[in-house]
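query_7.csv (CSV, C-alpha atoms)
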chain,number,residue,atom,x,y,z
Y,9,MET,CA,22.5,45.8,-35.7
Y,10,LYS,CA,22.7,43.6,-38.9
Y,11,ASN,CA,23.2,39.9,-38.7
Y,12,ARG,CA,22.9,37.0,-41.1
Y,13,THR,CA,22.3,33.3,-40.4
Y,14,ALA,CA,23.5,30.8,-42.9
Y,15,ASN,CA,23.6,27.1,-43.4
Y,16,SER,CA,26.7,25.6,-45.1
Y,17,PRO,CA,25.9,23.0,-47.8
Y,18,SER,CA,28.4,20.8,-46.0
Y,19,ALA,CA,27.8,19.2,-42.6
Y,20,GLU,CA,30.9,20.8,-41.2
Y,21,PRO,CA,30.9,24.5,-40.6
Y,22,THR,CA,34.6,24.9,-41.2
Y,23,ALA,CA,36.5,27.9,-42.7
Y,24,GLU,CA,37.1,26.0,-45.9
Y,25,ASN,CA,33.4,25.1,-46.4
Y,26,LEU,CA,32.3,28.7,-45.5
Y,27,ALA,CA,34.5,30.7,-47.8
Y,28,GLY,CA,31.4,32.1,-49.6
Y,29,VAL,CA,29.8,33.1,-46.3
Y,30,LEU,CA,32.9,34.9,-45.1
Y,31,LYS,CA,32.8,37.1,-48.2
Y,32,SER,CA,29.0,37.6,-47.9
Y,33,VAL,CA,29.3,38.9,-44.3
Y,34,VAL,CA,31.6,41.7,-45.6
Y,35,GLU,CA,29.6,42.4,-48.7
Y,36,ASN,CA,26.4,42.8,-46.8
Y,37,GLY,CA,27.8,44.9,-44.0
Y,38,ALA,CA,26.8,42.3,-41.4
Y,39,ASP,CA,27.8,42.7,-37.8
Y,40,VAL,CA,28.2,38.9,-37.4
Y,41,GLY,CA,27.8,35.7,-39.4
Y,42,PHE,CA,26.2,32.6,-37.9
Y,43,CYS,CA,26.8,29.2,-39.5
Y,44,GLN,CA,25.1,26.0,-38.4
Y,45,ASP,CA,25.4,22.4,-39.2
Y,46,PRO,CA,22.2,20.7,-40.5
Y,47,ASP,CA,20.8,19.6,-37.2
Y,48,ALA,CA,21.6,23.1,-35.6
Y,49,ASP,CA,23.5,21.9,-32.6
Y,50,ARG,CA,26.8,23.4,-33.8
Y,51,LEU,CA,27.5,27.1,-34.3
Y,52,ALA,CA,30.5,28.7,-36.0
Y,53,VAL,CA,30.9,32.5,-35.9
Y,54,ILE,CA,32.3,35.0,-38.5
Y,55,ASP,CA,33.2,38.5,-37.3
Y,56,GLN,CA,32.3,41.8,-39.0
Y,57,SER,CA,35.6,41.7,-41.1
Y,58,GLY,CA,34.9,38.3,-42.5
Y,59,ARG,CA,37.2,36.6,-40.1
Y,60,TYR,CA,36.3,33.0,-39.3
Y,61,LEU,CA,36.3,32.7,-35.5
Y,62,GLY,CA,35.1,29.1,-35.7
Y,63,GLU,CA,33.5,26.8,-33.3
Y,64,GLU,CA,35.9,26.8,-30.3
Y,65,TYR,CA,35.3,30.5,-29.9
Y,66,THR,CA,31.5,30.0,-29.8
Y,67,LEU,CA,31.5,28.2,-26.5
Y,68,ALA,CA,34.2,30.4,-24.9
Y,69,MET,CA,32.4,33.6,-25.8
Y,70,CYS,CA,29.1,32.2,-24.4
Y,71,VAL,CA,30.9,31.0,-21.2
Y,72,ASP,CA,32.3,34.5,-20.7
Y,73,HIS,CA,28.9,36.1,-21.2
Y,74,ALA,CA,27.2,33.6,-18.9
Y,75,LEU,CA,29.8,34.1,-16.1
Y,76,ARG,CA,29.4,37.9,-16.2
Y,77,HIS,CA,25.8,37.3,-15.1
Y,78,HIS,CA,25.9,34.2,-12.9
Y,79,LYS,CA,29.0,32.7,-11.3
Y,80,GLY,CA,29.1,28.9,-11.1
Y,81,PRO,CA,30.8,25.8,-12.4
Y,82,ILE,CA,31.5,25.4,-16.1
Y,83,ALA,CA,31.7,22.0,-17.8
Y,84,ALA,CA,33.2,21.0,-21.2
Y,85,ASN,CA,34.6,17.9,-22.7
Y,86,CYS,CA,38.3,17.0,-22.7
Y,87,ALA,CA,38.7,17.8,-26.4
Y,88,THR,CA,37.6,21.4,-25.9
Y,89,SER,CA,39.9,24.4,-26.1
Y,90,ARG,CA,41.3,25.5,-22.7
Y,91,MET,CA,39.8,29.0,-23.3
Y,92,SER,CA,36.8,28.0,-21.3
Y,93,GLU,CA,38.9,26.6,-18.5
Y,94,ASP,CA,41.0,29.8,-18.4
Y,95,LEU,CA,37.8,31.8,-18.2
Y,96,ALA,CA,36.5,29.7,-15.3
Y,97,GLN,CA,39.8,30.5,-13.5
Y,98,ARG,CA,39.5,34.2,-14.3
Y,99,TYR,CA,36.0,34.3,-12.7
Y,100,GLY,CA,37.0,32.1,-9.8
Y,101,VAL,CA,34.6,29.2,-10.5
Y,102,PRO,CA,35.2,25.4,-10.8
Y,103,PHE,CA,35.9,23.9,-14.2
Y,104,VAL,CA,34.8,20.3,-14.9
Y,105,ARG,CA,36.0,18.1,-17.8
Y,106,SER,CA,34.0,15.2,-19.2
Y,107,ALA,CA,34.6,12.5,-21.8
Y,108,VAL,CA,33.7,13.5,-25.4
Y,109,GLY,CA,30.0,13.4,-26.2
Y,110,GLU,CA,27.0,15.5,-25.4
Y,111,ALA,CA,25.6,13.0,-22.9
Y,112,ASN,CA,28.9,13.0,-21.0
Y,113,VAL,CA,29.0,16.8,-20.8
Y,114,VAL,CA,25.4,16.9,-19.6
Y,115,ASP,CA,26.1,14.3,-16.9
Y,116,ALA,CA,29.1,16.5,-15.8
Y,117,MET,CA,26.9,19.6,-15.8
Y,118,ARG,CA,24.1,18.0,-13.7
Y,119,SER,CA,26.5,16.5,-11.2
Y,120,SER,CA,28.5,19.8,-10.7
Y,121,LYS,CA,25.4,22.0,-11.0
Y,122,ALA,CA,27.1,23.9,-13.8
Y,123,VAL,CA,25.7,27.2,-14.9
Y,124,PHE,CA,26.9,26.6,-18.5
Y,125,GLY,CA,28.7,24.0,-20.5
Y,126,GLY,CA,29.2,22.5,-24.0
Y,127,GLU,CA,31.6,21.1,-26.5
Y,128,GLY,CA,34.3,22.9,-28.5
Y,129,ASN,CA,32.7,21.9,-31.8
Y,130,GLY,CA,30.4,24.9,-31.4
Y,131,GLY,CA,27.9,23.2,-29.1
Y,132,PRO,CA,26.8,25.5,-26.2
Y,133,ILE,CA,24.5,24.0,-23.5
Y,134,ASP,CA,22.5,26.4,-21.4
Y,135,PRO,CA,20.7,24.5,-18.6
Y,136,ARG,CA,18.1,27.4,-18.4
Y,137,VAL,CA,16.9,26.3,-21.9
Y,138,GLY,CA,17.7,22.6,-21.9
Y,139,TYR,CA,20.5,20.0,-21.6
Y,140,VAL,CA,21.2,19.8,-25.3
Y,141,ARG,CA,23.7,21.5,-27.6
Y,142,ASP,CA,21.8,24.4,-29.2
Y,143,SER,CA,23.2,26.8,-31.8
Y,144,PHE,CA,20.2,29.1,-31.4
Y,145,VAL,CA,21.1,29.5,-27.7
Y,146,GLY,CA,24.6,30.5,-28.8
Y,147,MET,CA,23.3,33.1,-31.3
Y,148,ALA,CA,21.0,34.6,-28.6
Y,149,LEU,CA,23.8,34.8,-26.1
Y,150,LEU,CA,26.3,36.3,-28.5
Y,151,LEU,CA,23.9,38.9,-29.8
Y,152,ASP,CA,23.0,39.8,-26.2
Y,153,ALA,CA,26.7,40.2,-25.3
Y,154,MET,CA,27.3,42.4,-28.3
Y,155,ALA,CA,24.3,44.6,-27.5
Y,156,GLU,CA,24.9,44.8,-23.7
Y,157,ARG,CA,28.6,45.6,-24.0
Y,158,LYS,CA,28.3,47.7,-27.2
Y,159,MET,CA,31.1,45.7,-28.8
Y,160,LYS,CA,31.6,44.0,-32.1
Y,161,ILE,CA,31.8,40.2,-32.1
Y,162,GLY,CA,35.5,40.4,-33.1
Y,163,GLN,CA,36.3,42.5,-30.1
Y,164,LEU,CA,34.6,39.9,-27.8
Y,165,ALA,CA,36.7,37.2,-29.4
Y,166,ASP,CA,39.9,39.2,-29.1
Y,167,GLU,CA,39.4,39.5,-25.3
Y,168,LEU,CA,39.7,35.8,-24.8
Y,169,PRO,CA,42.8,33.8,-24.1
Y,170,HIS,CA,44.5,32.9,-27.4
Y,171,TYR,CA,45.5,29.4,-28.4
Y,172,GLU,CA,46.0,27.4,-31.6
Y,173,ILE,CA,44.4,24.0,-31.8
Y,174,VAL,CA,45.5,21.3,-34.3
Y,175,LYS,CA,43.6,18.1,-35.1
Y,176,THR,CA,45.2,15.1,-36.8
Y,177,LYS,CA,44.7,11.3,-37.2
Y,178,CYS,CA,46.9,8.3,-37.5
Y,179,PRO,CA,46.3,4.7,-38.5
Y,180,LEU,CA,46.4,2.3,-35.7
Y,181,PRO,CA,44.6,-1.1,-35.1
Y,182,ALA,CA,42.2,-1.0,-32.2
Y,183,GLU,CA,44.0,-3.8,-30.4
Y,184,ARG,CA,47.2,-1.8,-30.4
Y,185,LEU,CA,45.6,1.3,-28.7
Y,186,PRO,CA,46.2,0.4,-25.0
Y,187,ALA,CA,49.9,-0.2,-25.6
Y,188,ALA,CA,50.1,2.9,-27.6
Y,189,LEU,CA,48.6,5.0,-24.9
Y,190,ASP,CA,51.0,3.5,-22.3
Y,191,ALA,CA,53.9,4.4,-24.6
Y,192,LEU,CA,52.7,7.9,-25.0
Y,193,GLU,CA,52.3,8.4,-21.3
Y,194,LYS,CA,55.8,7.1,-20.8
Y,195,ARG,CA,57.2,9.3,-23.5
Y,196,PHE,CA,55.6,12.4,-22.1
Y,197,SER,CA,56.2,11.6,-18.4
Y,198,ASP,CA,56.5,15.3,-17.6
Y,199,ALA,CA,52.8,15.9,-18.3
Y,200,LYS,CA,49.8,15.5,-16.1
Y,201,ALA,CA,48.0,12.4,-17.5
Y,202,SER,CA,44.3,11.6,-17.6
Y,203,ARG,CA,42.6,8.5,-18.9
Y,204,LEU,CA,39.1,10.0,-18.7
Y,205,ASP,CA,38.8,9.5,-22.5
Y,206,GLY,CA,41.7,8.1,-24.3
Y,207,LEU,CA,44.8,9.8,-23.0
Y,208,ARG,CA,45.0,13.5,-22.3
Y,209,LEU,CA,48.4,15.0,-21.4
Y,210,ASP,CA,48.5,18.5,-19.9
Y,211,TRP,CA,51.4,21.0,-19.5
Y,212,PRO,CA,51.1,24.6,-18.4
Y,213,GLY,CA,49.4,26.4,-21.4
Y,214,ARG,CA,49.3,23.4,-23.7
Y,215,TRP,CA,47.8,19.9,-23.9
Y,216,LEU,CA,47.5,16.8,-26.1
Y,217,LEU,CA,44.6,14.4,-26.4
Y,218,VAL,CA,44.8,11.0,-28.1
Y,219,ARG,CA,41.7,9.0,-28.6
Y,220,GLY,CA,40.8,5.9,-30.6
Y,221,SER,CA,38.0,6.1,-33.2
Y,222,ASN,CA,34.9,4.0,-32.5
Y,223,THR,CA,34.3,3.5,-36.3
Y,224,GLU,CA,37.7,3.4,-37.9
Y,225,PRO,CA,41.1,1.8,-37.2
Y,226,ILE,CA,42.6,5.2,-36.5
Y,227,VAL,CA,43.6,7.4,-33.6
Y,228,ARG,CA,42.7,11.0,-33.4
Y,229,ALA,CA,45.3,13.4,-31.9
Y,230,ILE,CA,44.3,16.9,-30.8
Y,231,ALA,CA,46.9,19.4,-29.5
Y,232,GLU,CA,46.5,23.0,-28.3
Y,233,SER,CA,49.2,25.5,-27.5
Y,234,PRO,CA,49.8,29.3,-27.7
Y,235,THR,CA,51.2,28.8,-31.2
Y,236,ALA,CA,50.2,26.6,-34.1
Y,237,ALA,CA,53.9,25.4,-34.5
Y,238,GLU,CA,53.9,24.1,-31.0
Y,239,ALA,CA,50.6,22.3,-31.4
Y,240,VAL,CA,51.8,20.7,-34.7
Y,241,ASP,CA,55.0,19.6,-32.9
Y,242,LEU,CA,53.0,17.9,-30.2
Y,243,CYS,CA,50.8,16.0,-32.8
Y,244,ASN,CA,54.0,15.0,-34.8
Y,245,ALA,CA,55.6,13.7,-31.6
Y,246,ALA,CA,52.5,11.7,-30.8
Y,247,ALA,CA,52.4,10.3,-34.4
Y,248,LYS,CA,56.0,9.1,-34.1
Y,249,VAL,CA,55.2,7.1,-30.9
Y,250,LEU,CA,52.0,5.8,-32.5
Y,251,ALA,CA,53.9,4.7,-35.6
Y,252,GLU,CA,56.3,2.7,-33.4
Y,253,CYS,CA,53.3,0.9,-31.8
Y,254,SER,CA,51.4,0.1,-35.0

Rendering of file as structure tokens:
Amino acid sequence: MKNRTANSPSAEPTAENLAGVLKSVVENGADVGFCQDPDADRLAVIDQSGRYLGEEYTLAMCVDHALRHHKGPIAANCATSRMSEDLAQRYGVPFVRSAVGEANVVDAMRSSKAVFGGEGNGGPIDPRVGYVRDSFVGMALLLDAMAERKMKIGQLADELPHYEIVKTKCPLPAERLPAALDALEKRFSDAKASRLDGLRLDWPGRWLLVRGSNTEPIVRAIAESPTAAEAVDLCNAAAKVLAECS
């Protein structure tokens, strides 16, 4: 099995920044491409055809492999794709959400005795190795899954529940954030609301998270749905409410 590990010159292992690596995976006949950020706590994956699977798939594929071997609770932050939550339901194990941040995920993992956890930015956390995000753990687990099941990385990804995630940001003074979140919760009263970290609104098969930035006068909105158009619509609807509150 061939594989290639690469570091993007940019701190963000996004599809745009890794265009050259996508091409290189195909040109070299690699079975998988692994791309890290500089401190190696995030892992993005490229399949054998040069398809950018990204970081959300990293955690979900690792969760699936972990649960095939050891059933137990799974923990992830509230900004992570619901793929991992769906997998926990598939295997009949608890799923625990935390606030955004590695330390918060670790606290949730420890309190729930989770067998695996992480963040959707490509940060898997395996308690057997250590309570930190570790891209090398992700590489090892995915290579093990490929070898054990005799499947290509793209096939492993295609087995997962499919969603589209969209991330946006809107200007909003910090002092207006509490009123804005109240307005959003009122606007989307048909959703299940959580104030664990900002405001998360859940519907069957889709969700919206709105959080204030700790460093800028902006609000970040993340939406996930079965289609990109639906996720964009959620972000646009949130932006309209936020604009009315600014």

Legend entry - Residue neighbourhood Asp142 in chain Y, 8 Å, only C-alpha atoms, exclusion window fewer than 5 positions, as a PyMOL selection string: chain Y and resi 48-50+131-133

Inset, instruction - May I have the residues at most 7 Å from (32.2, 21.3, -19.7) in the file's coordinates, counting all atoms listed in the file, as number ranges by chain? - result: Y: 82-85, 104-106, 113, 116-117, 125-127

Inset, instruction - Please provide as an MDAnalysis selection string all residues within 12 Å of Tyr99 in chain Y, with the sequence filter that same-chain residues fewer than 6 positions apart are discarded (counting only C-alpha atoms). - result: chainID Y and resid 71:82 92:93

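In this comparison, which uses all atoms listed in the file, the residue of Y:Pro225, Y:Pro179, Y:Gly213, Y:Gly162 approaching Ala251 in chain Y most closely is Y:Pro179.
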
Inset, instruction - Find the residues with any atom within 10 Å of (35.6, 32.1, -37.5); use all atoms listed in the file and the coordinates as given in the file, and write the answer as a list of chain:residue names. - result: Y:Pro21, Y:Thr22, Y:Ala23, Y:Leu26, Y:Leu30, Y:Gly41, Y:Phe42, Y:Cys43, Y:Ala52, Y:Val53, Y:Ile54, Y:Asp55, Y:Gly58, Y:Arg59, Y:Tyr60, Y:Leu61, Y:Gly62, Y:Glu63, Y:Glu64, Y:Tyr65, Y:Thr66, Y:Gly162, Y:Ala165

Inset, instruction - Please provide as a list of chain:residue names all residues within 8 Å of Ala87 in chain Y, with the sequence filter that same-chain residues fewer than 5 positions apart are discarded (counting all atoms listed in the file). - result: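 Those residues are Y:Val108, Y:Glu127, Y:Gly128, Y:Leu217, Y:Ile230.
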
Legend entry - Y:Ala237, Y:Asp45, Y:Gly138, Y:Met91 ranked by distance to Glu167 in chain Y, top pick (using all atoms listed in the file):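 Counting all atoms listed in the file, the residue closest to Glu167 in chain Y is Y:Met91.
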
Legend entry - Which of Y:Cys253, Y:Leu192, Y:Val240, Y:Val33 sits closest to Lys175 in chain Y [using all atoms listed in the file]: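 Smallest separation from Lys175 in chain Y among the options: Y:Val240.
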
Inset, instruction - For CA of Asn129 in chain Y and CA of Thr88 in chain Y, determine how far apart the two atoms are, in Å to one decimal place. - result: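 Pair CA of Asn129 in chain Y / CA of Thr88 in chain Y returns 7.7 Å.
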
Legend entry - Distance query Pro181 in chain Y at most 7 Å, only C-alpha atoms, self and fewer than 2 positions along chain excluded, as a ChimeraX atom specification: /Y:179,183-185,225-226,254

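Closest approach to Ser89 in chain Y from the set Y:Val40, Y:Ala188, Y:Cys178, Y:Leu216 is made by Y:Leu216, with distances taken over all atoms listed in the file.
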
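If you look at CA of Tyr171 in chain Y and CA of Asp94 in chain Y, they are 11.0 Å away from each other.
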
Legend entry - Proximity to Gly206 in chain Y - best of Y:Met69, Y:Ala107, Y:Ala27, Y:Val249, only C-alpha atoms: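 Smallest distance to Gly206 in chain Y is found for Y:Ala107.
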
Legend entry - Atomic distance CA of Phe144 in chain Y - CA of Leu51 in chain Y, expressed in Å with one decimal: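 Distance reported for this atom pair: 8.1 Å.
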
Contacts of Gln56 in chain Y at 12 Å (only C-alpha atoms; same-chain gap of 5+ positions) as a short mmCIF file (atom, residue, chain, number, x, y, z; two decimals) with C-alpha atoms, in the coordinates of the input:
data_model
loop_
_atom_site.label_atom_id
_atom_site.label_comp_id
_atom_site.auth_asym_id
_atom_site.auth_seq_id
_atom_site.Cartn_x
_atom_site.Cartn_y
_atom_site.Cartn_z
CA MET Y 9 22.50 45.80 -35.70
CA LYS Y 10 22.70 43.60 -38.90
CA ASN Y 11 23.20 39.90 -38.70
CA ARG Y 12 22.90 37.00 -41.10
CA VAL Y 29 29.80 33.10 -46.30
CA LEU Y 30 32.90 34.90 -45.10
CA LYS Y 31 32.80 37.10 -48.20
CA SER Y 32 29.00 37.60 -47.90
CA VAL Y 33 29.30 38.90 -44.30
CA VAL Y 34 31.60 41.70 -45.60
CA GLU Y 35 29.60 42.40 -48.70
CA ASN Y 36 26.40 42.80 -46.80
CA GLY Y 37 27.80 44.90 -44.00
CA ALA Y 38 26.80 42.30 -41.40
CA ASP Y 39 27.80 42.70 -37.80
CA VAL Y 40 28.20 38.90 -37.40
CA GLY Y 41 27.80 35.70 -39.40
CA PHE Y 42 26.20 32.60 -37.90
CA LEU Y 61 36.30 32.70 -35.50
CA MET Y 154 27.30 42.40 -28.30
CA MET Y 159 31.10 45.70 -28.80
CA LYS Y 160 31.60 44.00 -32.10
CA ILE Y 161 31.80 40.20 -32.10
CA GLY Y 162 35.50 40.40 -33.10
CA GLN Y 163 36.30 42.50 -30.10
CA LEU Y 164 34.60 39.90 -27.80
CA ALA Y 165 36.70 37.20 -29.40
#

Inset, instruction - Could you check which of Y:Leu151, Y:Ala111, Y:Asp241, Y:Pro102 is closest to Val123 in chain Y, using only C-alpha atoms? - result: Y:Pro102
